[in-house]
file start14.cif (mmCIF, C-alpha atoms)
data_structure
loop_
_atom_site.label_atom_id
_atom_site.label_comp_id
_atom_site.auth_asym_id
_atom_site.auth_seq_id
_atom_site.Cartn_x
_atom_site.Cartn_y
_atom_site.Cartn_z
CA MET A 19 9.36 -12.83 -17.93
CA LEU A 20 7.96 -15.32 -15.46
CA LEU A 21 4.89 -14.39 -13.40
CA TYR A 22 4.21 -16.32 -10.21
CA ASP A 23 0.48 -16.12 -10.46
CA SER A 24 -2.93 -17.13 -9.16
CA GLY A 25 -5.94 -17.24 -11.43
CA VAL A 26 -8.34 -16.15 -8.69
CA SER A 27 -6.18 -13.31 -7.30
CA GLY A 28 -7.17 -9.78 -8.25
CA ASN A 29 -3.66 -8.68 -7.35
CA CYS A 30 -2.24 -11.02 -10.01
CA TYR A 31 -4.96 -9.94 -12.44
CA LYS A 32 -3.65 -6.34 -12.26
CA VAL A 33 -0.37 -7.56 -13.75
CA ARG A 34 -2.02 -9.82 -16.35
CA LEU A 35 -4.38 -7.01 -17.44
CA LEU A 36 -1.57 -4.48 -17.93
CA LEU A 37 0.60 -7.03 -19.76
CA ALA A 38 -2.37 -7.76 -22.06
CA HIS A 39 -2.77 -4.03 -22.81
CA LEU A 40 0.96 -3.80 -23.51
CA GLY A 41 0.95 -6.96 -25.66
CA ARG A 42 3.94 -8.37 -23.77
CA ALA A 43 4.66 -12.11 -23.68
CA TYR A 44 5.28 -13.87 -20.36
CA GLU A 45 5.13 -17.25 -18.73
CA ARG A 46 2.68 -18.00 -15.90
CA ARG A 47 3.34 -20.28 -12.95
CA GLU A 48 0.28 -20.90 -10.79
CA LEU A 49 0.72 -20.95 -6.99
CA ASP A 50 -1.91 -22.14 -4.54
CA VAL A 51 -3.47 -19.26 -2.53
CA VAL A 52 -5.10 -21.53 0.05
CA ASP A 53 -2.25 -23.98 0.79
CA ARG A 54 0.75 -21.64 1.06
CA SER A 55 3.14 -24.17 2.60
CA ASN A 56 5.63 -24.04 -0.30
CA ARG A 57 5.88 -20.24 -0.44
CA ALA A 58 9.24 -19.83 1.35
CA GLU A 59 10.79 -22.48 -0.87
CA VAL A 60 9.46 -21.00 -4.13
CA LEU A 61 9.49 -17.24 -3.40
CA GLY A 62 12.00 -16.94 -0.52
CA GLU A 63 14.76 -15.45 -2.65
CA LEU A 64 12.40 -13.41 -4.84
CA ASN A 65 9.90 -11.54 -2.68
CA PRO A 66 10.20 -10.76 1.07
CA ALA A 67 6.40 -10.89 1.43
CA LEU A 68 6.25 -14.43 -0.10
CA ARG A 69 3.17 -13.41 -2.08
CA VAL A 70 1.84 -13.57 -5.60
CA PRO A 71 2.18 -11.79 -7.91
CA THR A 72 5.96 -11.94 -8.10
CA LEU A 73 7.48 -11.10 -11.49
CA VAL A 74 10.91 -12.43 -12.46
CA PHE A 75 12.62 -10.75 -15.38
CA ASP A 76 14.79 -12.61 -17.88
CA ASP A 77 17.95 -11.21 -16.24
CA GLY A 78 16.91 -12.76 -12.90
CA ARG A 79 15.77 -9.60 -11.14
CA ALA A 80 12.49 -10.02 -9.27
CA LEU A 81 9.78 -7.65 -8.14
CA GLY A 82 6.91 -8.17 -5.71
CA GLU A 83 3.77 -6.20 -4.79
CA SER A 84 1.20 -5.92 -7.56
CA ASN A 85 1.06 -2.13 -7.52
CA ALA A 86 4.86 -1.73 -7.64
CA ILE A 87 5.04 -4.23 -10.53
CA ILE A 88 2.46 -2.41 -12.68
CA PHE A 89 3.95 1.02 -11.82
CA TYR A 90 7.27 -0.29 -13.17
CA LEU A 91 5.84 -1.98 -16.28
CA ALA A 92 3.73 1.09 -17.13
CA GLY A 93 6.67 3.50 -17.12
CA GLY A 94 7.01 5.16 -20.53
CA THR A 95 3.61 3.87 -21.69
CA PRO A 96 0.21 5.66 -21.87
CA TYR A 97 -0.88 3.79 -18.72
CA LEU A 98 1.27 5.93 -16.39
CA PRO A 99 1.24 9.74 -16.60
CA GLU A 100 4.60 11.50 -16.96
CA ASP A 101 3.60 14.44 -14.75
CA PRO A 102 5.03 13.93 -11.23
CA PHE A 103 1.88 15.12 -9.44
CA GLU A 104 -0.37 12.88 -11.55
CA ARG A 105 2.01 9.99 -10.80
CA ALA A 106 1.63 10.78 -7.10
CA GLN A 107 -2.16 10.72 -7.51
CA VAL A 108 -1.86 7.30 -9.17
CA LEU A 109 0.17 6.12 -6.17
CA GLN A 110 -2.34 7.66 -3.74
CA TRP A 111 -5.08 5.48 -5.25
CA GLN A 112 -2.81 2.43 -5.31
CA PHE A 113 -1.97 2.86 -1.60
CA PHE A 114 -5.66 3.49 -0.88
CA GLU A 115 -6.38 0.20 -2.64
CA GLN A 116 -3.90 -1.79 -0.60
CA TYR A 117 -4.84 -0.26 2.76
CA SER A 118 -8.54 0.71 2.61
CA HIS A 119 -10.03 -1.49 -0.13
CA GLU A 120 -8.20 -4.81 -0.65
CA PRO A 121 -8.01 -5.87 3.04
CA HIS A 122 -11.80 -5.65 3.23
CA ILE A 123 -13.26 -6.47 -0.20
CA ALA A 124 -10.59 -8.90 -1.42
CA VAL A 125 -10.22 -10.65 1.92
CA LEU A 126 -13.99 -11.10 2.28
CA ARG A 127 -14.15 -12.41 -1.32
CA PHE A 128 -11.30 -14.79 -0.51
CA TRP A 129 -13.13 -16.14 2.54
CA LEU A 130 -16.54 -16.53 0.91
CA HIS A 131 -15.70 -17.26 -2.73
CA VAL A 132 -12.25 -18.87 -2.82
CA ALA A 133 -11.53 -20.61 0.49
CA LYS A 134 -15.25 -21.20 1.29
CA MET A 135 -14.68 -20.21 4.93
CA MET A 136 -17.41 -18.56 6.95
CA PRO A 137 -16.10 -15.69 9.08
CA SER A 138 -17.61 -14.85 12.46
CA PRO A 139 -20.55 -12.39 12.43
CA ASP A 140 -18.27 -9.69 13.88
CA GLU A 141 -15.59 -10.26 11.22
CA LEU A 142 -18.24 -10.26 8.49
CA ASP A 143 -19.76 -6.99 9.77
CA ALA A 144 -16.37 -5.28 9.98
CA LYS A 145 -15.34 -6.30 6.44
CA ARG A 146 -18.73 -5.23 5.04
CA ARG A 147 -18.61 -1.85 6.79
CA ASP A 148 -15.03 -1.09 5.75
CA GLY A 149 -15.55 -2.42 2.21
CA GLU A 150 -18.63 -0.24 1.77
CA ALA A 151 -16.68 2.79 2.98
CA ALA A 152 -14.06 2.09 0.29
CA LEU A 153 -16.75 1.74 -2.41
CA MET A 154 -18.37 4.98 -1.21
CA ALA A 155 -15.01 6.81 -1.45
CA LEU A 156 -14.70 5.55 -5.04
CA GLU A 157 -18.32 6.53 -5.79
CA ARG A 158 -17.84 10.10 -4.56
CA HIS A 159 -14.63 10.50 -6.57
CA LEU A 160 -16.13 9.05 -9.77
CA GLU A 161 -19.41 11.01 -9.64
CA ASP A 162 -17.87 13.76 -11.79
CA ARG A 163 -14.91 11.94 -13.33
CA ARG A 164 -14.47 9.35 -16.09
CA PHE A 165 -11.32 7.80 -14.60
CA LEU A 166 -9.52 8.03 -11.25
CA VAL A 167 -6.58 10.23 -12.32
CA ALA A 168 -6.01 12.76 -15.12
CA GLU A 169 -9.34 11.91 -16.79
CA ARG A 170 -7.77 9.01 -18.63
CA TYR A 171 -7.30 5.28 -18.14
CA THR A 172 -4.18 4.60 -16.04
CA ILE A 173 -2.83 1.88 -13.76
CA ALA A 174 -4.80 3.57 -10.93
CA ASP A 175 -7.94 2.29 -12.66
CA ILE A 176 -6.38 -1.15 -13.19
CA SER A 177 -5.49 -1.35 -9.46
CA LEU A 178 -8.97 -0.45 -8.27
CA TYR A 179 -10.80 -2.39 -10.99
CA ALA A 180 -9.17 -5.69 -9.97
CA TYR A 181 -11.23 -6.34 -6.83
CA THR A 182 -14.06 -3.84 -7.36
CA HIS A 183 -15.42 -5.62 -10.44
CA VAL A 184 -15.71 -8.89 -8.46
CA ALA A 185 -16.98 -7.27 -5.24
CA ASP A 186 -20.32 -9.04 -5.78
CA GLU A 187 -18.45 -12.29 -5.06
CA ALA A 188 -17.85 -10.86 -1.58
CA GLY A 189 -21.55 -9.98 -1.21
CA PHE A 190 -21.32 -6.25 -1.99
CA GLU A 191 -24.23 -4.78 -3.98
CA LEU A 192 -22.59 -2.71 -6.70
CA GLU A 193 -26.00 -1.44 -7.89
CA ARG A 194 -25.83 0.94 -4.91
CA PHE A 195 -22.77 2.63 -6.48
CA PRO A 196 -23.88 3.84 -9.95
CA ALA A 197 -20.81 5.96 -10.70
CA VAL A 198 -18.62 2.96 -9.87
CA LEU A 199 -20.71 0.77 -12.20
CA SER A 200 -20.31 3.24 -15.09
CA TRP A 201 -16.57 3.41 -14.49
CA LEU A 202 -16.29 -0.40 -14.42
CA ALA A 203 -17.96 -0.46 -17.86
CA ARG A 204 -15.51 2.16 -19.19
CA VAL A 205 -12.53 0.13 -17.93
CA LYS A 206 -13.90 -3.01 -19.58
CA GLU A 207 -14.16 -1.19 -22.94
CA GLN A 208 -10.45 -0.35 -23.06
CA PRO A 209 -8.54 -1.85 -26.02
CA GLY A 210 -6.82 -5.10 -25.06
CA HIS A 211 -8.97 -5.70 -21.98
CA VAL A 212 -8.96 -9.28 -20.70
CA PRO A 213 -11.20 -10.76 -17.99
CA ILE A 214 -9.85 -12.03 -14.67
CA ASP A 215 -10.29 -15.67 -15.76
CA ALA A 216 -8.47 -15.31 -19.10
CA MET B 27 2.34 23.70 2.59
CA LEU B 28 -0.14 22.58 5.23
CA LEU B 29 0.20 19.10 6.75
CA TYR B 30 -2.85 17.57 8.41
CA ASP B 31 -0.91 15.72 11.04
CA SER B 32 -0.90 13.58 14.15
CA GLY B 33 2.04 13.65 16.54
CA VAL B 34 1.66 9.96 17.44
CA SER B 35 1.17 8.68 13.88
CA GLY B 36 4.13 6.96 12.25
CA ASN B 37 2.49 7.58 8.87
CA CYS B 38 2.60 11.34 9.54
CA TYR B 39 6.14 11.02 10.89
CA LYS B 40 7.31 9.72 7.49
CA VAL B 41 6.31 13.06 5.96
CA ARG B 42 7.78 15.14 8.82
CA LEU B 43 11.06 13.21 8.68
CA LEU B 44 11.50 13.69 4.93
CA LEU B 45 10.55 17.39 5.14
CA ALA B 46 13.17 17.79 7.91
CA HIS B 47 15.84 16.16 5.69
CA LEU B 48 14.83 18.46 2.84
CA GLY B 49 14.76 21.56 5.07
CA ARG B 50 11.33 22.54 3.77
CA ALA B 51 9.00 24.79 5.77
CA TYR B 52 5.38 23.76 6.39
CA GLU B 53 2.50 24.33 8.74
CA ARG B 54 1.13 21.52 10.92
CA ARG B 55 -2.51 21.05 11.85
CA GLU B 56 -3.08 18.31 14.43
CA LEU B 57 -6.08 15.99 13.99
CA ASP B 58 -7.33 13.58 16.64
CA VAL B 59 -6.61 9.93 15.75
CA VAL B 60 -8.97 8.49 18.39
CA ASP B 61 -12.04 10.74 17.93
CA ARG B 62 -12.34 10.91 14.13
CA SER B 63 -15.85 12.43 14.04
CA ASN B 64 -14.75 15.62 12.23
CA ARG B 65 -12.80 13.84 9.47
CA ALA B 66 -15.38 14.17 6.66
CA GLU B 67 -15.80 17.87 7.43
CA VAL B 68 -12.05 18.61 7.52
CA LEU B 69 -10.66 16.19 4.90
CA GLY B 70 -13.71 15.37 2.75
CA GLU B 71 -12.58 17.48 -0.21
CA LEU B 72 -8.89 16.68 0.23
CA ASN B 73 -8.41 12.93 0.70
CA PRO B 74 -10.87 10.14 -0.19
CA ALA B 75 -9.52 7.99 2.66
CA LEU B 76 -10.19 10.78 5.24
CA ARG B 77 -6.83 10.01 6.87
CA VAL B 78 -3.75 11.80 8.11
CA PRO B 79 -1.29 12.60 6.74
CA THR B 80 -2.89 14.79 4.08
CA LEU B 81 -0.65 17.44 2.54
CA VAL B 82 -2.14 20.57 0.97
CA PHE B 83 0.12 22.57 -1.31
CA ASP B 84 0.01 26.38 -1.54
CA ASP B 85 -1.86 26.17 -4.87
CA GLY B 86 -4.64 24.17 -3.19
CA ARG B 87 -3.78 20.72 -4.57
CA ALA B 88 -3.92 17.98 -1.96
CA LEU B 89 -2.32 14.57 -1.63
CA GLY B 90 -3.10 11.69 0.74
CA GLU B 91 -1.36 8.41 1.65
CA SER B 92 1.95 8.82 3.47
CA ASN B 93 3.94 6.76 0.97
CA ALA B 94 2.56 8.60 -2.08
CA ILE B 95 3.30 11.94 -0.38
CA ILE B 96 6.95 11.14 0.34
CA PHE B 97 7.44 9.55 -3.10
CA TYR B 98 6.29 12.86 -4.59
CA LEU B 99 8.31 15.11 -2.27
CA ALA B 100 11.47 13.01 -2.76
CA GLY B 101 11.41 13.28 -6.57
CA GLY B 102 14.62 14.90 -7.81
CA THR B 103 16.31 14.60 -4.39
CA PRO B 104 18.86 12.03 -3.13
CA TYR B 105 16.07 10.30 -1.17
CA LEU B 106 14.52 8.72 -4.29
CA PRO B 107 16.66 6.87 -6.86
CA GLU B 108 16.35 7.95 -10.51
CA ASP B 109 16.70 4.41 -11.86
CA PRO B 110 13.23 3.00 -12.70
CA PHE B 111 13.93 -0.46 -11.27
CA GLU B 112 15.30 0.97 -8.02
CA ARG B 113 12.21 3.19 -7.83
CA ALA B 114 10.08 0.07 -8.23
CA GLN B 115 12.03 -1.59 -5.40
CA VAL B 116 11.33 1.47 -3.22
CA LEU B 117 7.62 1.08 -4.04
CA GLN B 118 7.76 -2.65 -3.35
CA TRP B 119 8.93 -1.92 0.21
CA GLN B 120 6.39 0.88 0.63
CA PHE B 121 3.53 -1.43 -0.43
CA PHE B 122 4.95 -4.16 1.82
CA GLU B 123 4.86 -1.62 4.65
CA GLN B 124 1.22 -0.69 4.11
CA TYR B 125 0.00 -4.27 3.61
CA SER B 126 2.23 -6.58 5.66
CA HIS B 127 3.74 -4.35 8.38
CA GLU B 128 1.60 -1.32 9.31
CA PRO B 129 -1.73 -3.17 9.74
CA HIS B 130 -0.09 -5.38 12.37
CA ILE B 131 2.64 -3.38 14.13
CA ALA B 132 1.10 0.09 13.86
CA VAL B 133 -2.41 -1.08 14.66
CA LEU B 134 -1.25 -3.05 17.71
CA ARG B 135 0.78 -0.01 18.86
CA PHE B 136 -2.31 2.16 18.37
CA TRP B 137 -4.44 -0.17 20.48
CA LEU B 138 -1.94 -0.63 23.31
CA HIS B 139 -0.02 2.66 23.35
CA VAL B 140 -2.31 5.36 21.93
CA ALA B 141 -5.96 4.38 22.44
CA LYS B 142 -5.20 2.21 25.52
CA MET B 143 -7.62 -0.48 24.30
CA MET B 144 -7.03 -4.13 25.09
CA PRO B 145 -7.69 -6.38 22.08
CA SER B 146 -9.07 -9.89 22.48
CA PRO B 147 -6.47 -12.68 22.96
CA ASP B 148 -7.14 -13.89 19.39
CA GLU B 149 -6.66 -10.39 17.93
CA LEU B 150 -3.50 -9.91 19.99
CA ASP B 151 -2.06 -13.25 18.84
CA ALA B 152 -2.83 -12.53 15.17
CA LYS B 153 -1.22 -9.07 15.26
CA ARG B 154 1.86 -10.43 17.07
CA ARG B 155 2.28 -13.31 14.61
CA ASP B 156 1.86 -11.14 11.51
CA GLY B 157 3.99 -8.31 12.94
CA GLU B 158 6.80 -10.74 13.74
CA ALA B 159 6.61 -12.13 10.19
CA ALA B 160 7.07 -8.57 8.87
CA LEU B 161 10.05 -7.96 11.18
CA MET B 162 11.57 -11.30 10.12
CA ALA B 163 11.22 -10.34 6.43
CA LEU B 164 13.05 -7.08 7.20
CA GLU B 165 15.71 -8.96 9.22
CA ARG B 166 16.45 -11.40 6.38
CA HIS B 167 16.73 -8.58 3.84
CA LEU B 168 18.96 -6.43 6.06
CA GLU B 169 21.33 -9.23 7.12
CA ASP B 170 23.65 -8.39 4.22
CA ARG B 171 22.55 -4.87 3.35
CA ARG B 172 23.02 -1.42 4.90
CA PHE B 173 19.73 0.00 3.59
CA LEU B 174 16.60 -1.46 1.98
CA VAL B 175 17.23 -0.36 -1.62
CA ALA B 176 20.33 0.54 -3.66
CA GLU B 177 22.60 0.39 -0.58
CA ARG B 178 21.75 3.96 0.32
CA TYR B 179 19.25 5.80 2.49
CA THR B 180 15.97 6.35 0.60
CA ILE B 181 12.31 6.89 1.35
CA ALA B 182 11.96 3.08 1.53
CA ASP B 183 13.96 3.29 4.77
CA ILE B 184 11.87 6.24 5.98
CA SER B 185 8.65 4.28 5.32
CA LEU B 186 9.79 1.19 7.21
CA TYR B 187 11.57 3.10 10.00
CA ALA B 188 8.40 4.96 10.99
CA TYR B 189 6.67 2.11 12.81
CA THR B 190 9.61 -0.32 13.20
CA HIS B 191 11.53 2.01 15.54
CA VAL B 192 8.52 2.21 17.90
CA ALA B 193 7.56 -1.48 17.59
CA ASP B 194 8.52 -1.93 21.27
CA GLU B 195 5.47 0.24 22.08
CA ALA B 196 3.41 -2.56 20.51
CA GLY B 197 5.21 -5.18 22.61
CA PHE B 198 7.63 -6.46 19.94
CA GLU B 199 11.12 -7.40 21.14
CA LEU B 200 13.46 -5.76 18.64
CA GLU B 201 16.49 -7.38 20.33
CA ARG B 202 15.47 -10.55 18.48
CA PHE B 203 16.15 -8.78 15.15
CA PRO B 204 19.81 -7.64 15.28
CA ALA B 205 20.12 -6.61 11.61
CA VAL B 206 16.98 -4.51 12.02
CA LEU B 207 18.46 -2.86 15.14
CA SER B 208 21.70 -1.96 13.30
CA TRP B 209 19.68 -0.52 10.40
CA LEU B 210 17.53 1.56 12.80
CA ALA B 211 20.76 3.04 14.19
CA ARG B 212 22.01 3.87 10.67
CA VAL B 213 18.72 5.62 9.82
CA LYS B 214 18.90 7.65 13.03
CA GLU B 215 22.42 8.85 12.12
CA GLN B 216 21.31 10.43 8.83
CA PRO B 217 21.86 14.22 8.57
CA GLY B 218 18.72 16.13 9.47
CA HIS B 219 17.09 13.24 11.34
CA VAL B 220 14.29 14.23 13.72
CA PRO B 221 12.53 11.99 16.26
CA ILE B 222 8.84 11.09 16.01
CA ASP B 223 7.94 13.49 18.83
CA ALA B 224 9.77 16.51 17.40
#
call {"tool": "encode", "arguments": {"input": "start14.cif", "output": "structure tokens"}}
result
Amino acid sequence: MLLYDSGVSGNCYKVRLLLAHLGRAYERRELDVVDRSNRAEVLGELNPALRVPTLVFDDGRALGESNAIIFYLAGGTPYLPEDPFERAQVLQWQFFEQYSHEPHIAVLRFWLHVAKMMPSPDELDAKRRDGEAALMALERHLEDRRFLVAERYTIADISLYAYTHVADEAGFELERFPAVLSWLARVKEQPGHVPIDA
Amino acid sequence: MLLYDSGVSGNCYKVRLLLAHLGRAYERRELDVVDRSNRAEVLGELNPALRVPTLVFDDGRALGESNAIIFYLAGGTPYLPEDPFERAQVLQWQFFEQYSHEPHIAVLRFWLHVAKMMPSPDELDAKRRDGEAALMALERHLEDRRFLVAERYTIADISLYAYTHVADEAGFELERFPAVLSWLARVKEQPGHVPIDA
């Protein structure tokens, strides 16, 4: 398998973390996430969104969207429940991540930490407000749970861990979310865990 | 089943359209999408994102996120392929919809058509540019295909139809995307189809 990858991308890290848990071998090809001028040339036939991660299997089939990729790779493994309702709950958290979490926390981290761009005060306020709302939703859910779905570690946790554990790089104060902090520690303790910069 | 719903929301329409295809009975409860002040009170225990659609089953279990809901409801029906890779392709398009399509086309439609708010010129330009990129990605994919995945009508088509077929209400000129227009017509011809305002 060939992973079109970015070392700083939490979306790519989701795939790398699951592949590490699964002990599967793959090749990495780093794409620039600031200068995206070669994306159509490299990914045009592989992923309509022209984004990383894009995973290309040995038979040539390709898959885009981090959460779709890890849902596929986790099928038949302990990282994805078999029960259809639990699977739907995993997807609920993955769609929450892509709509209500990533566009705020990951985008703000990208601006401040990766691209070193300073947003306008209004943009900064909006990302902080919406990012904090996402962290508060996680906090409420995790106050009486060990993991997001089915009380065990699944790809829902991998999806939300990816950008939550580096939210401090976007200026969020994770100390204000103690249940989230405990959950981050539990995720990190899982066998086969690798850090984002591995 | 009880659907927390909004008549103008394309996300809610995805659920109503699939339930119409499946001939399943359900109750609708309309929530305001402009004044959201009662959301925590109504949805706080049901959906961490406090959004519609939220579907509550007769046994009390609840599910949020339009794409997770229809993935669950479509299981075991012709609207979701059994093959794991085709399922992953369905999810790829659903995540594309929530990240690269809905935040531009649906949000611009909400501003202009539902809330009657005028965005700033910069906001308007950004939404138009990103929405057109999403429509162009659809156009390229549909140029030599009848449907998005597996050459048959699936929930991937339902997810992308929801806001694409009303993109003119956001000011997008669908005439510039002929393969998209043909696909919209094919979706509309499916047995059991209902319009967004049904």
call {"tool": "resolve_selection", "arguments": {"input": "start14.cif", "expression": "the PyMOL selection byres ((chain A) within 9 of (chain B))", "output": "MDAnalysis selection string"}}
result
chainID A and resid 66:67 81:87 89:90 93 102:103 105:114 116:118 121 151:152 155:156 158:159
call {"tool": "resolve_selection", "arguments": {"input": "start14.cif", "expression": "the PyMOL selection byres ((chain A and resi 42) around 12)", "output": "list in words"}}
result
Met19, Leu20, Val33, Arg34, Leu35, Leu36, Leu37, Ala38, His39, Leu40, Gly41, Ala43, Tyr44, Glu45, Leu91, Ala92 and Gly210 of chain A
call {"tool": "resolve_selection", "arguments": {"input": "start14.cif", "expression": "the PyMOL selection byres ((chain B and resi 57-60) around 8)", "output": "ChimeraX atom specification"}}
result
/B:30-32,55-56,61-62,78,141
call {"tool": "atom_distance", "arguments": {"input": "start14.cif", "atom1": "CA of Leu21 (chain A)", "atom2": "CA of Leu153 (chain A)"}}
result
29.1 Å
call {"tool": "residues_near_point", "arguments": {"input": "start14.cif", "point": "(5.2, 3.8, 13.9)", "cutoff": "6 Å", "atoms": "only C-alpha atoms", "output": "ChimeraX atom specification"}}
result
/B:36,132,188-189,192
call {"tool": "atom_distance", "arguments": {"input": "start14.cif", "atom1": "CA of Ser185 (chain B)", "atom2": "CA of Tyr39 (chain B)"}}
result
9.1 Å
call {"tool": "closest_residue", "arguments": {"input": "start14.cif", "among": "B:Lys40, B:Glu199, B:Gly33, B:Pro104", "to": "Tyr187 (chain B)", "atoms": "all atoms listed in the file"}}
result
B:Lys40
call {"tool": "atom_distance", "arguments": {"input": "start14.cif", "atom1": "CA of Arg127 (chain A)", "atom2": "CA of Glu187 (chain A)"}}
result
5.7 Å
call {"tool": "axis_aligned_box", "arguments": {"input": "start14.cif", "around": "region 43-50 of chain A", "padding_each_side": "8 Å", "output": "AutoDock Vina command-line options"}}
result
--center_x 1.7 --center_y -17.1 --center_z -14.1 --size_x 23.2 --size_y 26.0 --size_z 35.1
call {"tool": "residues_around", "arguments": {"input": "start14.cif", "residues": "Asp143 (chain A)", "least_positions_apart": "4", "cutoff": "12 Å", "atoms": "only C-alpha atoms", "output": "PyMOL selection string"}}
result
chain A and resi 122-123+126+137-139+147-150+189-190
call {"tool": "residues_around", "arguments": {"input": "start14.cif", "residues": "Tyr179 (chain B)", "least_positions_apart": "3", "cutoff": "9 Å", "atoms": "all atoms listed in the file", "output": "list in words"}}
result
Pro104, Tyr105, Leu106, Arg172, Phe173, Leu174, Val175, Ala176, Ala182, Asp183, Ile184, Arg212, Val213 and Gln216 of chain B
call {"tool": "closest_residue", "arguments": {"input": "start14.cif", "among": "A:Ala185, A:Val26, A:Val212, A:Thr172", "to": "Glu100 (chain A)", "atoms": "only C-alpha atoms"}}
result
A:Thr172
